>>> print(open('input_33.cif').read())   # mmCIF, C-alpha atoms
data_input
#
loop_
_atom_site.label_atom_id
_atom_site.label_comp_id
_atom_site.auth_asym_id
_atom_site.auth_seq_id
_atom_site.Cartn_x
_atom_site.Cartn_y
_atom_site.Cartn_z
CA MET A 1 -22.41 3.25 -30.14
CA LYS A 2 -25.19 1.19 -28.66
CA ASN A 3 -26.33 2.52 -25.26
CA GLN A 4 -27.15 0.12 -22.44
CA CYS A 5 -28.59 0.52 -18.99
CA CYS A 6 -26.58 0.33 -15.75
CA THR A 7 -25.21 -3.05 -14.67
CA LYS A 8 -24.17 -4.78 -11.43
CA CYS A 9 -20.50 -4.83 -12.44
CA ALA A 10 -18.65 -3.39 -15.47
CA PRO A 11 -20.23 -0.98 -17.98
CA GLY A 12 -22.45 -2.62 -20.57
CA GLN A 13 -22.06 -0.20 -23.51
CA ARG A 14 -20.83 -1.60 -26.83
CA LEU A 15 -19.81 -0.55 -30.30
CA SER A 16 -21.84 -1.79 -33.23
CA LEU A 17 -20.56 -4.74 -35.25
CA GLU A 18 -19.85 -2.40 -38.15
CA ASP A 19 -17.63 -0.16 -36.02
CA VAL A 20 -15.80 -3.18 -34.60
CA LYS A 21 -15.12 -4.50 -38.10
CA LYS A 22 -13.43 -1.19 -38.98
CA ASP A 23 -11.09 -1.70 -36.00
CA THR A 24 -10.44 -5.29 -37.07
CA VAL A 25 -9.42 -4.22 -40.57
CA ARG A 26 -6.94 -1.70 -39.13
CA LEU A 27 -5.49 -4.25 -36.69
CA ASP A 28 -5.20 -6.96 -39.34
CA ALA A 29 -2.87 -4.64 -41.23
CA HIS A 30 -0.75 -3.95 -38.16
CA LEU A 31 2.66 -5.64 -38.01
CA CYS A 32 2.02 -6.99 -34.50
CA SER A 33 -1.00 -8.97 -35.66
CA ASN A 34 1.26 -11.27 -37.64
CA TYR A 35 3.34 -11.92 -34.54
CA PHE A 36 0.24 -12.60 -32.45
CA ASN A 37 -0.60 -15.50 -34.75
CA PHE A 38 2.75 -17.11 -33.98
CA PHE A 39 2.03 -16.86 -30.24
CA PRO A 40 1.22 -20.35 -28.86
CA LEU A 41 -1.24 -19.20 -26.18
CA PRO A 42 -4.82 -18.12 -27.01
CA LEU A 43 -4.86 -14.33 -27.44
CA LEU A 44 -7.53 -11.68 -27.85
CA VAL A 45 -7.41 -7.96 -28.52
CA LEU A 46 -10.24 -5.99 -26.90
CA ASN A 47 -11.43 -2.45 -27.50
CA SER A 48 -12.34 -0.03 -24.72
CA TYR A 49 -15.79 -1.67 -24.50
CA ARG A 50 -14.18 -5.08 -23.82
CA GLN A 51 -15.30 -6.34 -27.24
CA ILE A 52 -13.14 -8.70 -29.30
CA VAL A 53 -11.63 -6.90 -32.29
CA PHE A 54 -8.85 -9.39 -33.03
CA SER A 55 -7.99 -13.01 -32.19
CA ASN A 56 -4.98 -15.13 -32.92
CA LYS A 57 -5.24 -18.59 -34.46
CA ALA A 58 -4.68 -20.33 -31.11
CA PHE A 59 -7.85 -18.80 -29.64
CA ILE A 60 -9.92 -19.64 -32.74
CA LYS A 61 -8.70 -23.23 -32.46
CA ILE A 62 -9.69 -23.73 -28.81
CA ILE A 63 -13.12 -22.21 -29.46
CA GLY A 64 -13.60 -24.68 -32.30
CA VAL A 65 -14.79 -22.31 -35.01
CA ASP A 66 -13.52 -21.52 -38.48
CA SER A 67 -12.80 -17.81 -38.10
CA ILE A 68 -13.07 -14.78 -35.85
CA GLU A 69 -16.36 -13.89 -37.52
CA ALA A 70 -18.10 -16.34 -35.18
CA PHE A 71 -17.35 -14.17 -32.12
CA LEU A 72 -16.25 -10.77 -33.46
CA ALA A 73 -17.58 -7.87 -31.32
CA LYS A 74 -18.49 -10.28 -28.52
CA ARG A 75 -16.83 -10.17 -25.13
CA PRO A 76 -14.46 -12.94 -23.93
CA GLY A 77 -17.00 -14.73 -21.74
CA GLU A 78 -19.58 -14.72 -24.54
CA ALA A 79 -17.10 -16.14 -27.03
CA MET A 80 -15.99 -18.87 -24.63
CA GLY A 81 -19.47 -19.84 -23.46
CA CYS A 82 -19.36 -18.63 -19.84
CA VAL A 83 -22.71 -19.43 -18.21
CA TYR A 84 -22.81 -16.05 -16.46
CA ALA A 85 -22.43 -14.12 -19.71
CA LYS A 86 -26.08 -14.88 -20.39
CA SER A 87 -27.35 -14.20 -16.87
CA ALA A 88 -27.49 -10.42 -17.37
CA ASP A 89 -29.07 -8.41 -20.16
CA ASN A 90 -25.80 -6.61 -20.94
CA GLY A 91 -23.77 -9.80 -21.28
CA CYS A 92 -20.24 -10.65 -20.20
CA GLY A 93 -18.89 -8.57 -17.32
CA THR A 94 -22.22 -7.13 -16.20
CA SER A 95 -23.77 -9.79 -13.96
CA GLU A 96 -23.44 -10.01 -10.19
CA GLN A 97 -21.24 -13.12 -10.52
CA CYS A 98 -18.82 -11.20 -12.77
CA ARG A 99 -17.58 -9.27 -9.75
CA GLU A 100 -15.47 -12.29 -8.84
CA CYS A 101 -14.20 -12.95 -12.38
CA GLY A 102 -10.39 -12.90 -12.60
CA ALA A 103 -10.46 -12.24 -16.34
CA LEU A 104 -12.64 -9.17 -15.91
CA ARG A 105 -10.45 -7.91 -13.06
CA ALA A 106 -7.34 -8.17 -15.22
CA ILE A 107 -8.98 -6.39 -18.16
CA LEU A 108 -10.47 -3.54 -16.08
CA GLU A 109 -7.23 -3.06 -14.12
CA THR A 110 -5.22 -2.72 -17.33
CA MET A 111 -7.75 -0.29 -18.77
CA HIS A 112 -7.55 1.82 -15.63
CA THR A 113 -3.81 1.73 -14.91
CA LYS A 114 -2.43 1.27 -18.45
CA GLU A 115 -0.17 -1.42 -16.97
CA ASN A 116 0.03 -5.21 -17.14
CA ALA A 117 -2.27 -7.24 -14.92
CA MET A 118 -2.62 -10.93 -14.10
CA TYR A 119 -5.36 -12.89 -12.31
CA ASP A 120 -6.47 -16.49 -12.07
CA CYS A 121 -9.98 -17.19 -13.29
CA GLN A 122 -12.37 -20.09 -12.78
CA LEU A 123 -14.75 -20.33 -15.72
CA LEU A 124 -17.94 -22.33 -15.83
CA LEU A 125 -18.75 -22.99 -19.48
CA LYS A 126 -21.67 -24.41 -21.40
CA ASP A 127 -21.41 -25.40 -25.06
CA ASP A 128 -24.07 -25.25 -27.78
CA GLU A 129 -25.28 -28.74 -26.83
CA GLY A 130 -25.83 -27.74 -23.21
CA VAL A 131 -22.83 -29.61 -21.81
CA THR A 132 -21.29 -27.86 -18.79
CA SER A 133 -17.54 -27.87 -18.11
CA ALA A 134 -15.03 -26.02 -15.94
CA LEU A 135 -11.88 -24.24 -17.05
CA ASP A 136 -9.14 -22.80 -14.83
CA VAL A 137 -7.04 -20.17 -16.60
CA ARG A 138 -4.43 -17.58 -15.72
CA VAL A 139 -5.32 -14.37 -17.52
CA PHE A 140 -2.69 -11.84 -18.58
CA ALA A 141 -3.82 -8.39 -19.75
CA SER A 142 -1.54 -5.76 -21.31
CA PRO A 143 -2.20 -2.34 -22.87
CA TRP A 144 -1.43 -1.96 -26.57
CA GLU A 145 -1.09 1.51 -28.06
CA THR A 146 -1.42 1.34 -31.84
CA GLY A 147 -1.34 5.04 -32.65
CA GLU A 148 -5.05 5.02 -33.47
CA GLY A 149 -6.17 3.98 -30.01
CA THR A 150 -5.36 1.90 -26.94
CA TYR A 151 -6.46 -1.73 -26.84
CA VAL A 152 -6.09 -4.53 -24.29
CA VAL A 153 -4.24 -7.69 -25.27
CA VAL A 154 -5.50 -10.67 -23.28
CA THR A 155 -3.83 -14.08 -23.17
CA PHE A 156 -5.04 -17.24 -21.47
CA LEU A 157 -2.92 -19.96 -19.85
CA ASP A 158 -4.70 -23.20 -18.91
CA ILE A 159 -3.75 -23.96 -15.28
CA GLY A 160 -6.22 -26.79 -14.75
CA ASN A 161 -3.47 -29.37 -14.28
CA GLU A 162 -1.69 -27.11 -11.82
CA LYS A 163 -4.87 -26.61 -9.78
CA ARG A 164 -5.73 -30.32 -9.77
CA ARG A 165 -2.19 -31.24 -8.77
CA ARG A 166 -2.28 -28.85 -5.83
CA ILE A 167 -5.58 -30.27 -4.63
CA LEU A 168 -4.30 -33.84 -4.96
CA GLU A 169 -1.09 -32.91 -3.15
CA ARG A 170 -3.02 -31.44 -0.22
CA ILE A 171 -5.26 -34.50 0.02
CA PHE A 172 -2.31 -36.88 -0.33
CA PHE A 173 -0.18 -35.23 2.35
CA HIS A 174 -3.11 -34.86 4.73
CA ASP A 175 -4.19 -38.49 4.44
CA ILE A 176 -0.77 -40.13 4.39
CA LEU A 177 0.51 -38.09 7.33
CA ASN A 178 -2.57 -39.05 9.33
CA SER A 179 -2.06 -42.73 8.49
CA ALA A 180 1.71 -42.79 9.12
CA GLY A 181 1.41 -40.68 12.27
CA GLY A 182 -1.36 -42.94 13.58
CA ALA A 183 0.75 -46.04 12.96
CA ARG A 184 3.69 -44.46 14.79
CA ASN A 185 1.50 -43.65 17.79
CA LEU A 186 0.17 -47.20 17.88
CA VAL A 187 3.71 -48.55 17.93
CA ASP A 188 4.53 -46.23 20.84
CA ILE A 189 1.64 -47.77 22.76
CA LEU A 190 2.70 -51.27 21.74
CA LEU A 191 6.24 -50.66 22.98
CA ASP A 192 5.00 -50.60 26.59
CA GLU A 193 3.06 -53.85 26.18
CA VAL A 194 5.39 -56.25 24.38
CA PRO A 195 7.78 -58.56 26.25
CA GLU A 196 11.38 -57.49 26.66
CA HIS A 197 12.73 -59.83 23.97
CA SER A 198 10.46 -58.18 21.35
CA LYS A 199 11.26 -54.57 22.20
CA GLU A 200 14.22 -54.41 19.82
CA ILE A 201 12.04 -55.34 16.83
CA VAL A 202 9.32 -52.89 17.88
CA ASN A 203 11.93 -50.17 18.24
CA LEU A 204 13.09 -50.85 14.68
CA VAL A 205 9.50 -50.54 13.44
CA ARG A 206 9.12 -47.32 15.41
CA SER A 207 12.31 -45.90 13.89
CA SER A 208 11.15 -46.79 10.39
CA LEU A 209 7.79 -45.08 10.92
CA PHE A 210 9.56 -42.07 12.39
CA ALA A 211 11.69 -41.85 9.24
CA LEU A 212 8.62 -42.26 7.02
CA VAL A 213 6.74 -39.40 8.69
CA ASP A 214 9.84 -37.23 8.52
CA GLU A 215 10.30 -37.85 4.78
CA ILE A 216 6.65 -37.04 4.05
CA GLN A 217 6.82 -33.80 6.04
CA LYS A 218 10.06 -32.88 4.28
CA GLN A 219 8.52 -33.24 0.82
CA LYS A 220 5.40 -31.34 1.85
CA GLN A 221 7.50 -28.47 3.16
CA LEU A 222 9.75 -28.39 0.10
CA LEU A 223 6.74 -28.05 -2.22
CA ALA A 224 5.42 -25.15 -0.13
CA LEU A 225 8.82 -23.46 -0.20
CA GLU A 226 9.21 -23.76 -3.97
CA LYS A 227 5.78 -22.20 -4.43
CA ASN A 228 6.56 -19.35 -2.00
CA GLU A 229 3.74 -20.50 0.24
CA TYR A 230 5.84 -20.74 3.42
CA THR A 231 5.89 -17.93 5.99
CA VAL A 232 9.20 -17.61 7.81
CA SER A 233 8.87 -17.35 11.60
CA ASN A 234 12.14 -16.23 13.19
CA ILE A 235 12.86 -16.69 16.89
CA THR A 236 15.99 -16.66 19.06
CA LEU A 237 17.59 -20.12 18.98
CA GLN A 238 20.39 -21.73 20.92
CA GLY A 239 22.42 -23.35 18.16
CA LEU A 240 24.12 -26.06 20.21
CA GLU A 241 20.80 -27.23 21.66
CA ILE A 242 19.52 -27.83 18.12
CA VAL A 243 22.66 -29.78 17.19
CA GLN A 244 22.35 -31.88 20.35
CA SER A 245 18.63 -32.61 19.86
CA ILE A 246 19.16 -33.71 16.25
CA THR A 247 22.05 -35.95 17.29
CA ASP A 248 19.97 -37.60 20.00
CA GLU A 249 16.87 -37.94 17.85
CA TYR A 250 18.57 -39.40 14.78
CA SER A 251 20.82 -41.84 16.58
CA ALA A 252 17.92 -44.30 16.32
CA HIS A 253 17.19 -43.58 12.65
CA PRO A 254 17.41 -46.61 10.31
CA LYS A 255 20.19 -44.90 8.33
CA ALA A 256 22.21 -44.55 11.53
CA LEU A 257 22.28 -48.29 12.31
CA GLU A 258 25.82 -49.51 12.98
CA LYS A 259 27.10 -45.94 12.63
CA TYR A 260 28.14 -43.40 15.24
CA LEU A 261 26.96 -39.82 15.68
CA HIS A 262 29.34 -37.54 17.52
CA ILE A 263 29.35 -33.85 18.45
CA ASP A 264 32.77 -32.26 18.06
CA GLU A 265 34.22 -31.46 21.48
CA CYS A 266 35.32 -28.00 20.31
CA SER A 267 31.76 -26.98 19.51
CA ILE A 268 30.42 -23.87 21.24
CA ASN A 269 26.93 -22.51 21.62
CA VAL A 270 26.08 -19.66 19.23
CA THR A 271 22.74 -17.87 19.39
CA VAL A 272 20.95 -17.23 16.09
CA TYR A 273 17.73 -15.47 15.17
CA SER A 274 16.19 -17.82 12.62
CA ASP A 275 13.30 -20.09 11.68
CA PHE A 276 13.54 -23.24 13.82
CA THR A 277 11.70 -25.51 11.38
CA LEU A 278 13.80 -24.50 8.38
CA LEU A 279 17.12 -24.59 10.23
CA ARG A 280 16.31 -28.02 11.61
CA ARG A 281 15.34 -29.26 8.13
CA ILE A 282 18.64 -28.04 6.67
CA LEU A 283 20.67 -29.76 9.38
CA VAL A 284 18.66 -32.97 9.06
CA ASN A 285 19.26 -33.03 5.29
CA MET A 286 22.99 -32.53 5.91
CA LEU A 287 22.94 -35.35 8.44
CA MET A 288 21.01 -37.73 6.14
CA ASN A 289 23.49 -37.15 3.33
CA ALA A 290 26.40 -37.81 5.68
CA LEU A 291 24.83 -41.01 7.04
CA GLU A 292 24.11 -42.33 3.55
CA ALA A 293 27.74 -41.76 2.57
CA THR A 294 29.11 -43.41 5.71
CA PRO A 295 29.85 -47.17 5.76
CA ALA A 296 28.90 -49.43 8.69
CA GLY A 297 31.17 -48.75 11.64
CA GLY A 298 31.87 -45.21 10.42
CA MET A 299 31.35 -41.94 12.27
CA VAL A 300 29.49 -38.74 11.43
CA THR A 301 30.57 -35.64 13.33
CA LEU A 302 28.39 -32.59 13.97
CA GLY A 303 29.70 -29.23 15.10
CA LEU A 304 28.96 -25.56 15.71
CA SER A 305 31.49 -22.73 15.72
CA ARG A 306 31.64 -18.96 15.40
CA GLU A 307 33.27 -17.20 12.45
CA GLY A 308 33.15 -13.43 12.92
CA ASP A 309 29.48 -12.52 13.23
CA LYS A 310 28.38 -15.87 11.75
CA ALA A 311 27.29 -19.13 13.36
CA VAL A 312 28.71 -22.06 11.39
CA PHE A 313 26.82 -25.36 11.61
CA TRP A 314 28.73 -28.24 10.03
CA ILE A 315 28.47 -32.00 9.57
CA LYS A 316 31.35 -34.19 8.48
CA ASN A 317 31.85 -37.75 7.22
CA SER A 318 34.98 -39.55 6.06
CA THR A 319 33.93 -40.22 2.44
CA VAL A 320 35.36 -38.05 -0.34
CA MET A 321 33.14 -37.17 -3.31
CA SER A 322 34.34 -37.66 -6.88
CA GLU A 323 35.08 -34.57 -8.99
CA SER A 324 31.97 -35.22 -11.09
CA VAL A 325 29.74 -35.29 -8.02
CA LYS A 326 31.34 -32.16 -6.52
CA LEU A 327 30.59 -30.20 -9.68
CA GLN A 328 26.89 -31.04 -9.51
CA VAL A 329 26.12 -30.72 -5.80
CA PHE A 330 23.10 -28.45 -5.12
CA LYS A 331 21.54 -29.04 -8.56
CA ARG A 332 17.85 -29.73 -8.18
CA SER A 333 17.61 -33.14 -9.85
CA PHE A 334 21.14 -34.44 -9.41
CA SER A 335 21.72 -37.41 -7.14
CA THR A 336 24.22 -40.19 -6.73
CA LYS A 337 21.37 -42.41 -5.54
CA GLY A 338 19.54 -42.85 -8.83
CA GLN A 339 16.79 -41.13 -10.80
CA ASP A 340 14.08 -38.98 -9.20
CA ARG A 341 16.33 -38.10 -6.28
CA GLY A 342 18.56 -35.12 -5.57
CA LEU A 343 16.29 -32.79 -3.56
CA GLY A 344 18.35 -33.02 -0.36
CA THR A 345 21.29 -30.75 -1.19
CA TYR A 346 19.08 -28.59 -3.43
CA SER A 347 16.66 -27.95 -0.56
CA MET A 348 19.58 -27.06 1.73
CA LYS A 349 20.60 -24.30 -0.68
CA LEU A 350 17.01 -23.17 -1.31
CA LEU A 351 16.17 -22.89 2.38
CA THR A 352 19.44 -21.32 3.51
CA GLU A 353 19.84 -18.69 0.81
CA ASN A 354 16.24 -17.85 -0.13
CA TYR A 355 14.62 -17.98 3.31
CA LEU A 356 17.25 -17.68 6.05
CA GLY A 357 19.60 -15.23 4.34
CA GLY A 358 22.62 -17.42 4.95
CA GLU A 359 25.29 -19.31 3.04
CA VAL A 360 25.71 -23.01 2.39
CA GLY A 361 28.74 -24.85 1.05
CA PHE A 362 30.97 -27.88 1.36
CA SER A 363 34.50 -29.19 1.13
CA SER A 364 35.44 -32.70 0.08
CA GLU A 365 39.14 -33.53 0.04
CA SER A 366 41.33 -36.46 1.09
CA PRO A 367 42.16 -37.24 3.85
CA ASP A 368 39.68 -34.95 5.65
CA GLY A 369 36.51 -36.32 4.06
CA THR A 370 33.39 -34.31 3.25
CA THR A 371 32.03 -31.44 5.34
CA PHE A 372 28.83 -29.54 4.58
CA TRP A 373 28.36 -26.23 6.37
CA VAL A 374 25.73 -23.55 6.84
CA LYS A 375 26.55 -20.01 7.92
CA LEU A 376 23.90 -17.82 9.56
CA LYS A 377 24.21 -14.42 11.16
CA SER A 378 24.60 -14.83 14.90
CA GLN A 379 23.04 -12.64 17.58
#
>>> encode(input="input_33.cif", output="structure tokens")
Amino acid sequence: MKNQCCTKCAPGQRLSLEDVKKDTVRLDAHLCSNYFNFFPLPLLVLNSYRQIVFSNKAFIKIIGVDSIEAFLAKRPGEAMGCVYAKSADNGCGTSEQCRECGALRAILETMHTKENAMYDCQLLLKDDEGVTSALDVRVFASPWETGEGTYVVVTFLDIGNEKRRRILERIFFHDILNSAGGARNLVDILLDEVPEHSKEIVNLVRSSLFALVDEIQKQKQLLALEKNEYTVSNITLQGLEIVQSITDEYSAHPKALEKYLHIDECSINVTVYSDFTLLRRILVNMLMNALEATPAGGMVTLGLSREGDKAVFWIKNSTVMSESVKLQVFKRSFSTKGQDRGLGTYSMKLLTENYLGGEVGFSSESPDGTTFWVKLKSQ
């Protein structure tokens, strides 16, 4: 073993190349090594000194070398060209910057706990020609007991596209909401200034901008929910007040033109302890689906009732769904309105069951029409 001095992060000691080669020969003969080469993600096997003793073909390919000999006994950052691997005398894992390295965290955690670990890692790389590039990877580390020693199996998943998409999504939603919200506010100001005969047109523009902002916010929220980035905030809510406010607010929505919104006269107030934003989004999605299915001159009815210890919110329209449609309701990408649609009923199920702990369902039979309902525990 080659002794090294203390470092600012992980230990710097290493085995000699000759000792590492002995490990490599043993691992090459191991049955698992053959399976590793079938694995599509880049994979490394490290010894207890974080040195590479085995690599699958996928890793050799992304490095752009002919064989493992080019980086055998090196550490992952040294093999991949991390700029910080050369900033300390003891190499990869020993510089001050390495303290924030996700790959190193995963490897050290697995060595310490003997359990799987996963961290995201942002690598800054420089190739032999001095060209700098960035690489975002998700690093998975797992212990591997071979009978002759314990090693760490490390795999890398490129998440660059995922990271860029998230950044672009944040920028997109921020900018477009500012623009659409600003336009809506300008129309509100304009509404007080235009002559009476023009107010109807301005109101239509205002309703369209209102719908636009609402759709953008809905998509932004759905993305956050699917990524588990939303924090539920439960408060005591008066159910009938929410039904009434949605009815009043959406009576002027473009999809409600020449249609009637009505609250069932048998509705009663039921108090629920829930997230206002999510509950409102569920009911709005139910209402939008009902309005889209309702012909001009038709009516959409909203209601709230109690069923045991449950509050039942429901919205009804007169149209009956076909058997094919009924069998596919709540699927993520299914829609009767064409391709790239279908998130409305899916989001209702996602929000109700995964976040509010409730139930969602529907009935669609002649002559009653279609009713979607949401059941939440009442207070």
>>> resolve_selection(input="input_33.cif", expression="the PyMOL selection byres ((chain A and resi 287-303) around 8)", output="PyMOL selection string")
chain A and resi 243+247+255-264+266-267+283-286+304-305+313-319+344
>>> atom_distance(input="input_33.cif", atom1="CA of Asp275 (chain A)", atom2="CA of Ala224 (chain A)")
15.1 Å
>>> resolve_selection(input="input_33.cif", expression="the PyMOL selection byres ((chain A and resi 78) around 12)", output="VMD selection string")
chain A and resid 50 to 52 63 70 to 77 79 to 88 90 to 94 123 to 128
>>> closest_residue(input="input_33.cif", among="A:Tyr230, A:Phe276, A:Trp144, A:Phe39", to="Leu157 (chain A)", atoms="only C-alpha atoms")
A:Phe39
>>> residues_near_point(input="input_33.cif", point="(16.2, -24.9, 3.6)", cutoff="12 Å", atoms="all atoms listed in the file", output="PyMOL selection string")
chain A and resi 218-219+221-226+230+232+274-286+330+343-360+374
>>> atom_distance(input="input_33.cif", atom1="CA of Val153 (chain A)", atom2="CA of Ala141 (chain A)")
5.6 Å
>>> axis_aligned_box(input="input_33.cif", around="region 58-65 of chain A", padding_each_side="8 Å", output="JSON")
{"center_x": -9.7, "center_y": -21.7, "center_z": -31.9, "size_x": 26.1, "size_y": 21.9, "size_z": 22.2}
>>> resolve_selection(input="input_33.cif", expression="the PyMOL selection byres ((chain A and resi 202) around 12)", output="MDAnalysis selection string")
chainID A and resid 184 186:201 203:209
>>> closest_residue(input="input_33.cif", among="A:Gln13, A:Val131, A:Pro42, A:Glu145", to="Leu27 (chain A)", atoms="all atoms listed in the file")
A:Glu145
>>> atom_distance(input="input_33.cif", atom1="CA of Ala183 (chain A)", atom2="CA of Ser251 (chain A)")
20.8 Å
>>> closest_residue(input="input_33.cif", among="A:Gly239, A:Gly361, A:Pro11, A:Pro367", to="Arg306 (chain A)", atoms="only C-alpha atoms")
A:Gly239
>>> closest_residue(input="input_33.cif", among="A:Ala10, A:Leu177, A:Cys32, A:Asn185", to="Glu100 (chain A)", atoms="all atoms listed in the file")
A:Ala10
>>> residues_around(input="input_33.cif", residues="Arg166 (chain A)", least_positions_apart="5", cutoff="12 Å", atoms="only C-alpha atoms", output="ChimeraX atom specification")
/A:159-161,171-173,220,223-224,227,229
>>> closest_residue(input="input_33.cif", among="A:Glu115, A:Asp309, A:Glu365, A:Glu129", to="Val270 (chain A)", atoms="all atoms listed in the file")
A:Asp309
>>> closest_residue(input="input_33.cif", among="A:Thr132, A:Thr155, A:Thr146, A:Asn269", to="Ala106 (chain A)", atoms="all atoms listed in the file")
A:Thr155
